[in-house]
Structure formats: C-alpha cells, structure tokens
$ cat my_file00.tsv   # TSV, N, CA, C and O atoms
chain	number	residue	atom	x	y	z
A	1	MET	N	0.82	-1.21	0.00
A	1	MET	CA	0.00	0.00	0.00
A	1	MET	C	0.86	1.27	0.00
A	1	MET	O	0.55	2.22	-0.69
A	2	GLU	N	1.95	1.22	0.78
A	2	GLU	CA	2.82	2.41	0.84
A	2	GLU	C	3.38	2.75	-0.53
A	2	GLU	O	3.54	3.91	-0.88
A	3	ASN	N	3.69	1.69	-1.31
A	3	ASN	CA	4.26	1.90	-2.63
A	3	ASN	C	3.32	2.67	-3.56
A	3	ASN	O	3.74	3.56	-4.28
A	4	ILE	N	2.06	2.32	-3.53
A	4	ILE	CA	1.07	2.99	-4.37
A	4	ILE	C	0.96	4.46	-3.98
A	4	ILE	O	0.95	5.35	-4.83
A	5	GLN	N	0.91	4.70	-2.68
A	5	GLN	CA	0.82	6.07	-2.18
A	5	GLN	C	2.08	6.87	-2.54
A	5	GLN	O	2.00	8.02	-2.96
A	6	MET	N	3.25	6.23	-2.38
A	6	MET	CA	4.50	6.88	-2.73
A	6	MET	C	4.52	7.23	-4.21
A	6	MET	O	4.88	8.33	-4.60
A	7	ASN	N	4.10	6.28	-5.04
A	7	ASN	CA	4.09	6.52	-6.49
A	7	ASN	C	3.18	7.68	-6.85
A	7	ASN	O	3.54	8.52	-7.68
A	8	ARG	N	2.01	7.74	-6.24
A	8	ARG	CA	1.08	8.84	-6.52
A	8	ARG	C	1.69	10.19	-6.14
A	8	ARG	O	1.60	11.16	-6.90
A	9	LYS	N	2.30	10.25	-4.96
A	9	LYS	CA	2.93	11.50	-4.52
A	9	LYS	C	4.08	11.88	-5.44
A	9	LYS	O	4.25	13.05	-5.78
A	10	ALA	N	4.87	10.89	-5.84
A	10	ALA	CA	6.00	11.15	-6.75
A	10	ALA	C	5.49	11.66	-8.10
A	10	ALA	O	6.06	12.60	-8.66
A	11	VAL	N	4.43	11.05	-8.61
A	11	VAL	CA	3.85	11.48	-9.89
A	11	VAL	C	3.37	12.93	-9.78
A	11	VAL	O	3.66	13.77	-10.65
A	12	LEU	N	2.66	13.27	-8.72
A	12	LEU	CA	2.17	14.64	-8.54
A	12	LEU	C	3.32	15.63	-8.45
A	12	LEU	O	3.27	16.72	-9.03
A	13	LEU	N	4.36	15.25	-7.74
A	13	LEU	CA	5.54	16.10	-7.60
A	13	LEU	C	6.19	16.36	-8.97
A	13	LEU	O	6.50	17.50	-9.31
A	14	LEU	N	6.34	15.30	-9.74
A	14	LEU	CA	6.95	15.44	-11.07
A	14	LEU	C	6.05	16.24	-12.01
A	14	LEU	O	6.55	17.01	-12.84
A	15	GLN	N	4.75	16.08	-11.91
A	15	GLN	CA	3.83	16.84	-12.77
A	15	GLN	C	3.90	18.33	-12.47
A	15	GLN	O	3.80	19.15	-13.37
A	16	THR	N	4.07	18.69	-11.21
A	16	THR	CA	4.15	20.11	-10.87
A	16	THR	C	5.51	20.71	-11.20
A	16	THR	O	5.65	21.91	-11.29
A	17	TRP	N	6.50	19.85	-11.39
A	17	TRP	CA	7.86	20.33	-11.69
A	17	TRP	C	7.91	21.04	-13.04
A	17	TRP	O	8.41	22.16	-13.14
A	18	ASP	N	7.44	20.43	-14.10
A	18	ASP	CA	7.31	21.03	-15.44
A	18	ASP	C	8.58	21.76	-15.89
A	18	ASP	O	8.55	22.98	-16.11
A	19	PRO	N	9.70	21.05	-16.07
A	19	PRO	CA	10.97	21.72	-16.37
A	19	PRO	C	11.01	22.48	-17.70
A	19	PRO	O	11.79	23.42	-17.84
A	20	PHE	N	10.19	22.10	-18.66
A	20	PHE	CA	10.22	22.77	-19.96
A	20	PHE	C	8.99	23.66	-20.19
A	20	PHE	O	8.74	24.10	-21.31
A	21	LYS	N	8.22	23.88	-19.15
A	21	LYS	CA	7.03	24.75	-19.22
A	21	LYS	C	6.09	24.33	-20.35
A	21	LYS	O	5.64	25.12	-21.15
A	22	MET	N	5.79	23.00	-20.37
A	22	MET	CA	4.92	22.46	-21.41
A	22	MET	C	3.58	22.00	-20.86
A	22	MET	O	2.78	21.42	-21.58
A	23	GLY	N	3.35	22.20	-19.58
A	23	GLY	CA	2.12	21.74	-18.96
A	23	GLY	C	2.34	20.41	-18.26
A	23	GLY	O	3.15	19.59	-18.70
A	24	SER	N	1.62	20.18	-17.19
A	24	SER	CA	1.86	19.03	-16.32
A	24	SER	C	1.60	17.69	-16.99
A	24	SER	O	2.15	16.67	-16.60
A	25	ASP	N	0.77	17.67	-18.04
A	25	ASP	CA	0.44	16.39	-18.66
A	25	ASP	C	1.37	16.05	-19.84
A	25	ASP	O	1.15	15.08	-20.54
A	26	ALA	N	2.42	16.83	-20.03
A	26	ALA	CA	3.33	16.62	-21.16
A	26	ALA	C	4.40	15.57	-20.88
A	26	ALA	O	5.13	15.18	-21.78
A	27	TYR	N	4.48	15.10	-19.64
A	27	TYR	CA	5.62	14.28	-19.25
A	27	TYR	C	5.23	12.88	-18.75
A	27	TYR	O	5.94	12.31	-17.93
A	28	ASP	N	4.15	12.33	-19.23
A	28	ASP	CA	3.68	11.04	-18.70
A	28	ASP	C	4.73	9.94	-18.79
A	28	ASP	O	4.97	9.21	-17.83
A	29	THR	N	5.38	9.81	-19.93
A	29	THR	CA	6.39	8.77	-20.12
A	29	THR	C	7.58	9.00	-19.20
A	29	THR	O	8.07	8.08	-18.54
A	30	GLU	N	8.05	10.24	-19.13
A	30	GLU	CA	9.21	10.57	-18.30
A	30	GLU	C	8.89	10.36	-16.82
A	30	GLU	O	9.71	9.83	-16.07
A	31	THR	N	7.68	10.76	-16.44
A	31	THR	CA	7.26	10.57	-15.05
A	31	THR	C	7.27	9.09	-14.69
A	31	THR	O	7.80	8.70	-13.64
A	32	ALA	N	6.74	8.26	-15.57
A	32	ALA	CA	6.72	6.81	-15.31
A	32	ALA	C	8.13	6.26	-15.20
A	32	ALA	O	8.42	5.44	-14.31
A	33	ASP	N	9.03	6.71	-16.06
A	33	ASP	CA	10.42	6.24	-16.03
A	33	ASP	C	11.12	6.66	-14.73
A	33	ASP	O	11.84	5.87	-14.13
A	34	VAL	N	10.90	7.89	-14.31
A	34	VAL	CA	11.55	8.39	-13.09
A	34	VAL	C	10.98	7.70	-11.86
A	34	VAL	O	11.74	7.30	-10.96
A	35	VAL	N	9.68	7.51	-11.80
A	35	VAL	CA	9.07	6.83	-10.65
A	35	VAL	C	9.56	5.38	-10.58
A	35	VAL	O	9.86	4.87	-9.50
A	36	ALA	N	9.72	4.74	-11.73
A	36	ALA	CA	10.26	3.37	-11.76
A	36	ALA	C	11.70	3.37	-11.25
A	36	ALA	O	12.09	2.49	-10.47
A	37	ALA	N	12.49	4.34	-11.66
A	37	ALA	CA	13.89	4.43	-11.21
A	37	ALA	C	13.97	4.71	-9.71
A	37	ALA	O	14.85	4.19	-9.02
A	38	LEU	N	13.03	5.49	-9.22
A	38	LEU	CA	13.00	5.83	-7.79
A	38	LEU	C	12.91	4.59	-6.90
A	38	LEU	O	13.44	4.57	-5.81
A	39	GLN	N	12.28	3.55	-7.41
A	39	GLN	CA	12.12	2.32	-6.63
A	39	GLN	C	13.48	1.77	-6.18
A	39	GLN	O	13.60	1.26	-5.08
A	40	GLY	N	14.48	1.88	-7.06
A	40	GLY	CA	15.77	1.26	-6.76
A	40	GLY	C	16.89	2.22	-6.43
A	40	GLY	O	18.03	1.81	-6.25
A	41	ILE	N	16.59	3.51	-6.37
A	41	ILE	CA	17.65	4.51	-6.12
A	41	ILE	C	17.35	5.25	-4.82
A	41	ILE	O	16.25	5.77	-4.64
A	42	ASN	N	18.35	5.31	-3.94
A	42	ASN	CA	18.21	6.05	-2.68
A	42	ASN	C	19.13	7.26	-2.61
A	42	ASN	O	19.05	8.04	-1.68
A	43	ASN	N	20.00	7.41	-3.59
A	43	ASN	CA	20.96	8.50	-3.60
A	43	ASN	C	20.44	9.64	-4.48
A	43	ASN	O	20.20	9.44	-5.67
A	44	PRO	N	20.27	10.84	-3.92
A	44	PRO	CA	19.71	11.96	-4.69
A	44	PRO	C	20.53	12.32	-5.93
A	44	PRO	O	19.97	12.65	-6.97
A	45	THR	N	21.86	12.26	-5.83
A	45	THR	CA	22.69	12.61	-6.97
A	45	THR	C	22.52	11.59	-8.10
A	45	THR	O	22.41	11.96	-9.27
A	46	GLU	N	22.46	10.33	-7.73
A	46	GLU	CA	22.25	9.27	-8.72
A	46	GLU	C	20.87	9.42	-9.38
A	46	GLU	O	20.73	9.31	-10.60
A	47	LEU	N	19.85	9.71	-8.57
A	47	LEU	CA	18.51	9.92	-9.11
A	47	LEU	C	18.48	11.16	-10.01
A	47	LEU	O	17.85	11.14	-11.07
A	48	ALA	N	19.17	12.22	-9.61
A	48	ALA	CA	19.22	13.44	-10.42
A	48	ALA	C	19.81	13.18	-11.80
A	48	ALA	O	19.29	13.66	-12.81
A	49	LYS	N	20.87	12.38	-11.86
A	49	LYS	CA	21.48	12.04	-13.15
A	49	LYS	C	20.51	11.24	-14.01
A	49	LYS	O	20.43	11.43	-15.22
A	50	CYS	N	19.77	10.34	-13.37
A	50	CYS	CA	18.77	9.55	-14.07
A	50	CYS	C	17.67	10.46	-14.62
A	50	CYS	O	17.27	10.33	-15.78
A	51	ILE	N	17.19	11.38	-13.81
A	51	ILE	CA	16.15	12.34	-14.23
A	51	ILE	C	16.63	13.14	-15.43
A	51	ILE	O	15.93	13.28	-16.44
A	52	GLN	N	17.84	13.66	-15.32
A	52	GLN	CA	18.41	14.47	-16.39
A	52	GLN	C	18.48	13.66	-17.69
A	52	GLN	O	18.08	14.15	-18.75
A	53	LYS	N	18.91	12.42	-17.60
A	53	LYS	CA	19.04	11.55	-18.78
A	53	LYS	C	17.68	11.25	-19.40
A	53	LYS	O	17.52	11.30	-20.61
A	54	VAL	N	16.69	10.93	-18.56
A	54	VAL	CA	15.35	10.59	-19.05
A	54	VAL	C	14.74	11.75	-19.82
A	54	VAL	O	14.24	11.58	-20.94
A	55	TYR	N	14.77	12.95	-19.24
A	55	TYR	CA	14.16	14.11	-19.88
A	55	TYR	C	14.95	14.54	-21.12
A	55	TYR	O	14.37	14.93	-22.13
A	56	GLU	N	16.26	14.47	-21.04
A	56	GLU	CA	17.09	14.86	-22.18
A	56	GLU	C	16.87	13.90	-23.35
A	56	GLU	O	16.79	14.33	-24.50
A	57	HIS	N	16.73	12.62	-23.06
A	57	HIS	CA	16.49	11.63	-24.11
A	57	HIS	C	15.18	11.92	-24.84
A	57	HIS	O	15.11	11.82	-26.06
A	58	SER	N	14.15	12.27	-24.10
A	58	SER	CA	12.83	12.51	-24.69
A	58	SER	C	12.74	13.83	-25.44
A	58	SER	O	12.14	13.91	-26.51
A	59	TYR	N	13.31	14.87	-24.87
A	59	TYR	CA	13.10	16.22	-25.40
A	59	TYR	C	14.31	16.83	-26.08
A	59	TYR	O	14.24	17.92	-26.62
A	60	GLU	N	15.45	16.11	-26.02
A	60	GLU	CA	16.69	16.61	-26.59
A	60	GLU	C	16.99	18.02	-26.10
A	60	GLU	O	17.48	18.87	-26.84
A	61	GLN	N	16.63	18.25	-24.84
A	61	GLN	CA	16.97	19.50	-24.17
A	61	GLN	C	17.64	19.13	-22.85
A	61	GLN	O	17.25	18.17	-22.20
A	62	TRP	N	18.60	19.93	-22.47
A	62	TRP	CA	19.39	19.67	-21.28
A	62	TRP	C	18.79	20.42	-20.10
A	62	TRP	O	18.44	21.59	-20.22
A	63	ILE	N	18.67	19.75	-18.96
A	63	ILE	CA	18.23	20.40	-17.72
A	63	ILE	C	19.46	20.48	-16.81
A	63	ILE	O	20.13	19.46	-16.60
A	64	PRO	N	19.77	21.66	-16.27
A	64	PRO	CA	20.91	21.76	-15.36
A	64	PRO	C	20.78	20.76	-14.20
A	64	PRO	O	19.69	20.57	-13.66
A	65	ILE	N	21.89	20.14	-13.85
A	65	ILE	CA	21.87	19.09	-12.83
A	65	ILE	C	21.35	19.63	-11.49
A	65	ILE	O	20.70	18.89	-10.74
A	66	GLU	N	21.57	20.91	-11.22
A	66	GLU	CA	21.09	21.49	-9.96
A	66	GLU	C	19.57	21.39	-9.85
A	66	GLU	O	19.03	21.11	-8.78
A	67	GLN	N	18.87	21.62	-10.96
A	67	GLN	CA	17.41	21.50	-10.96
A	67	GLN	C	17.00	20.05	-10.74
A	67	GLN	O	16.02	19.78	-10.04
A	68	CYS	N	17.73	19.14	-11.34
A	68	CYS	CA	17.43	17.72	-11.18
A	68	CYS	C	17.69	17.26	-9.75
A	68	CYS	O	16.94	16.46	-9.20
A	69	VAL	N	18.74	17.80	-9.14
A	69	VAL	CA	19.07	17.45	-7.75
A	69	VAL	C	17.95	17.93	-6.82
A	69	VAL	O	17.55	17.21	-5.91
A	70	GLN	N	17.43	19.12	-7.07
A	70	GLN	CA	16.34	19.65	-6.23
A	70	GLN	C	15.13	18.73	-6.25
A	70	GLN	O	14.58	18.39	-5.21
A	71	ILE	N	14.71	18.32	-7.43
A	71	ILE	CA	13.54	17.44	-7.52
A	71	ILE	C	13.88	16.05	-7.00
A	71	ILE	O	13.04	15.40	-6.38
A	72	ALA	N	15.11	15.62	-7.19
A	72	ALA	CA	15.53	14.30	-6.70
A	72	ALA	C	15.44	14.24	-5.17
A	72	ALA	O	14.95	13.25	-4.61
A	73	TYR	N	15.88	15.29	-4.48
A	73	TYR	CA	15.79	15.32	-3.02
A	73	TYR	C	14.33	15.24	-2.57
A	73	TYR	O	14.00	14.54	-1.61
A	74	LYS	N	13.45	15.93	-3.26
A	74	LYS	CA	12.03	15.89	-2.91
A	74	LYS	C	11.46	14.48	-3.13
A	74	LYS	O	10.67	14.00	-2.31
A	75	LEU	N	11.85	13.84	-4.22
A	75	LEU	CA	11.37	12.49	-4.51
A	75	LEU	C	11.89	11.48	-3.49
A	75	LEU	O	11.14	10.62	-3.03
A	76	ILE	N	13.15	11.61	-3.13
A	76	ILE	CA	13.74	10.71	-2.12
A	76	ILE	C	13.02	10.91	-0.78
A	76	ILE	O	12.74	9.95	-0.07
A	77	ALA	N	12.69	12.16	-0.46
A	77	ALA	CA	11.96	12.44	0.78
A	77	ALA	C	10.60	11.76	0.78
A	77	ALA	O	10.18	11.18	1.78
A	78	VAL	N	9.90	11.81	-0.35
A	78	VAL	CA	8.61	11.13	-0.49
A	78	VAL	C	8.78	9.63	-0.29
A	78	VAL	O	7.99	8.99	0.40
A	79	LYS	N	9.84	9.10	-0.87
A	79	LYS	CA	10.10	7.65	-0.76
A	79	LYS	C	10.34	7.26	0.70
A	79	LYS	O	9.75	6.29	1.19
A	80	PHE	N	11.19	7.99	1.39
A	80	PHE	CA	11.50	7.65	2.77
A	80	PHE	C	10.31	7.90	3.70
A	80	PHE	O	10.10	7.15	4.65
A	81	GLU	N	9.52	8.91	3.40
A	81	GLU	CA	8.31	9.18	4.17
A	81	GLU	C	7.35	7.98	4.05
A	81	GLU	O	6.79	7.51	5.02
A	82	ALA	N	7.20	7.48	2.84
A	82	ALA	CA	6.31	6.33	2.60
A	82	ALA	C	6.83	5.09	3.30
A	82	ALA	O	6.05	4.29	3.84
A	83	ASN	N	8.15	4.91	3.35
A	83	ASN	CA	8.74	3.75	4.01
A	83	ASN	C	8.67	3.82	5.53
A	83	ASN	O	8.78	2.81	6.19
A	84	CYS	N	8.50	5.02	6.06
A	84	CYS	CA	8.46	5.18	7.52
A	84	CYS	C	7.05	5.06	8.08
A	84	CYS	O	6.87	4.96	9.28
A	85	ILE	N	6.04	5.07	7.23
A	85	ILE	CA	4.65	4.95	7.69
A	85	ILE	C	4.41	3.51	8.14
A	85	ILE	O	4.70	2.57	7.43
A	86	VAL	N	3.87	3.39	9.34
A	86	VAL	CA	3.63	2.04	9.89
A	86	VAL	C	2.19	1.65	9.67
A	86	VAL	O	1.30	2.40	9.86

$ encode --input "my_file00.tsv" --output "structure tokens"
Amino acid sequence: MENIQMNRKAVLLLQTWDPFKMGSDAYDTETADVVAALQGINNPTELAKCIQKVYEHSYEQWIPIEQCVQIAYKLIAVKFEANCIV
C-alpha cells in the first residue's frame, strides 16, 4: 500500500515540476520512467542524473543538474516518508 501512495505523490511532484514549461500532462512517459527508477535509487545525486538523462532523451533539451538534484531530493523524501509509515 505504501508503494502505491509513494508513487502517486511522486507522480504529482513530477507533474508540478514542469521543467520545460509544457504543462503538467506533457511528461507522462518521463514521469513513469523516473518513478520506476525511484524504486531502486536512494541517492539523490544518482537519481538526479537519471532524471536528467530521461528528460534529455525525450526532449533533446538539457536540464541543469542542480534542478534535477532539487527534484531528486524531494522524490527521495517522499520515498522515505512512505517507508516510515507504519
């Protein structure tokens, strides 16, 4: 159950991020890829590199790693929050 809740929160977080100002529904594929990666990544820097790669692959636009690190920390926080719920 925690996983479903974590995934929903992560999806909402990524939808509000909107790095290319294209609207929250423009990133469904990227959101799914990042949420899937989040399952196995606990390091914010590693997750940030993954986020950067996923979005760059899809849009052929580069996102500064600092922006990716910011969202990665938020996603990791959501993950750990979900894991701490009893």

$ residues_around --input "my_file00.tsv" --residues "stretch 36-47 of chain A" --least-positions-apart "3" --cutoff "6 Å" --atoms "all atoms listed in the file" --output "compact mmCIF listing (two decimals) with N, CA, C and O atoms, in the frame of the given file"
# COMPACT_ATOMS: atom_id res chain seq x y z
N THR A 31 7.68 10.76 -16.44
CA THR A 31 7.26 10.57 -15.05
C THR A 31 7.27 9.09 -14.69
O THR A 31 7.80 8.70 -13.64
N ALA A 32 6.74 8.26 -15.57
CA ALA A 32 6.72 6.81 -15.31
C ALA A 32 8.13 6.26 -15.20
O ALA A 32 8.42 5.44 -14.31
N ASP A 33 9.03 6.71 -16.06
CA ASP A 33 10.42 6.24 -16.03
C ASP A 33 11.12 6.66 -14.73
O ASP A 33 11.84 5.87 -14.13
N CYS A 50 19.77 10.34 -13.37
CA CYS A 50 18.77 9.55 -14.07
C CYS A 50 17.67 10.46 -14.62
O CYS A 50 17.27 10.33 -15.78
N ILE A 51 17.19 11.38 -13.81
CA ILE A 51 16.15 12.34 -14.23
C ILE A 51 16.63 13.14 -15.43
O ILE A 51 15.93 13.28 -16.44
N GLN A 52 17.84 13.66 -15.32
CA GLN A 52 18.41 14.47 -16.39
C GLN A 52 18.48 13.66 -17.69
O GLN A 52 18.08 14.15 -18.75
N CYS A 68 17.73 19.14 -11.34
CA CYS A 68 17.43 17.72 -11.18
C CYS A 68 17.69 17.26 -9.75
O CYS A 68 16.94 16.46 -9.20
N VAL A 69 18.74 17.80 -9.14
CA VAL A 69 19.07 17.45 -7.75
C VAL A 69 17.95 17.93 -6.82
O VAL A 69 17.55 17.21 -5.91
N ALA A 72 15.11 15.62 -7.19
CA ALA A 72 15.53 14.30 -6.70
C ALA A 72 15.44 14.24 -5.17
O ALA A 72 14.95 13.25 -4.61
N TYR A 73 15.88 15.29 -4.48
CA TYR A 73 15.79 15.32 -3.02
C TYR A 73 14.33 15.24 -2.57
O TYR A 73 14.00 14.54 -1.61
N ILE A 76 13.15 11.61 -3.13
CA ILE A 76 13.74 10.71 -2.12
C ILE A 76 13.02 10.91 -0.78
O ILE A 76 12.74 9.95 -0.07

$ residues_around --input "my_file00.tsv" --residues "stretch 3-19 of chain A" --least-positions-apart "2" --cutoff "7 Å" --atoms "only N, CA, C and O atoms" --output "MDAnalysis selection string"
chainID A and resid 1 21:25 27 31 35 75 78:79 82

$ atom_distance --input "my_file00.tsv" --atom1 "atom CA of A:Asp28" --atom2 "atom C of A:Asn83"
25.8 Å

$ atom_distance --input "my_file00.tsv" --atom1 "atom CA of A:Lys74" --atom2 "atom CA of A:Phe20"
18.5 Å

$ atom_distance --input "my_file00.tsv" --atom1 "atom N of A:Gln70" --atom2 "atom O of A:Ala48"
8.1 Å

$ select_by_dssp --input "my_file00.tsv" --residues "chain A" --states "alpha helix (DSSP H)" --output "PyMOL selection string"
chain A and resi 2-17+28-40+44-59+65-84
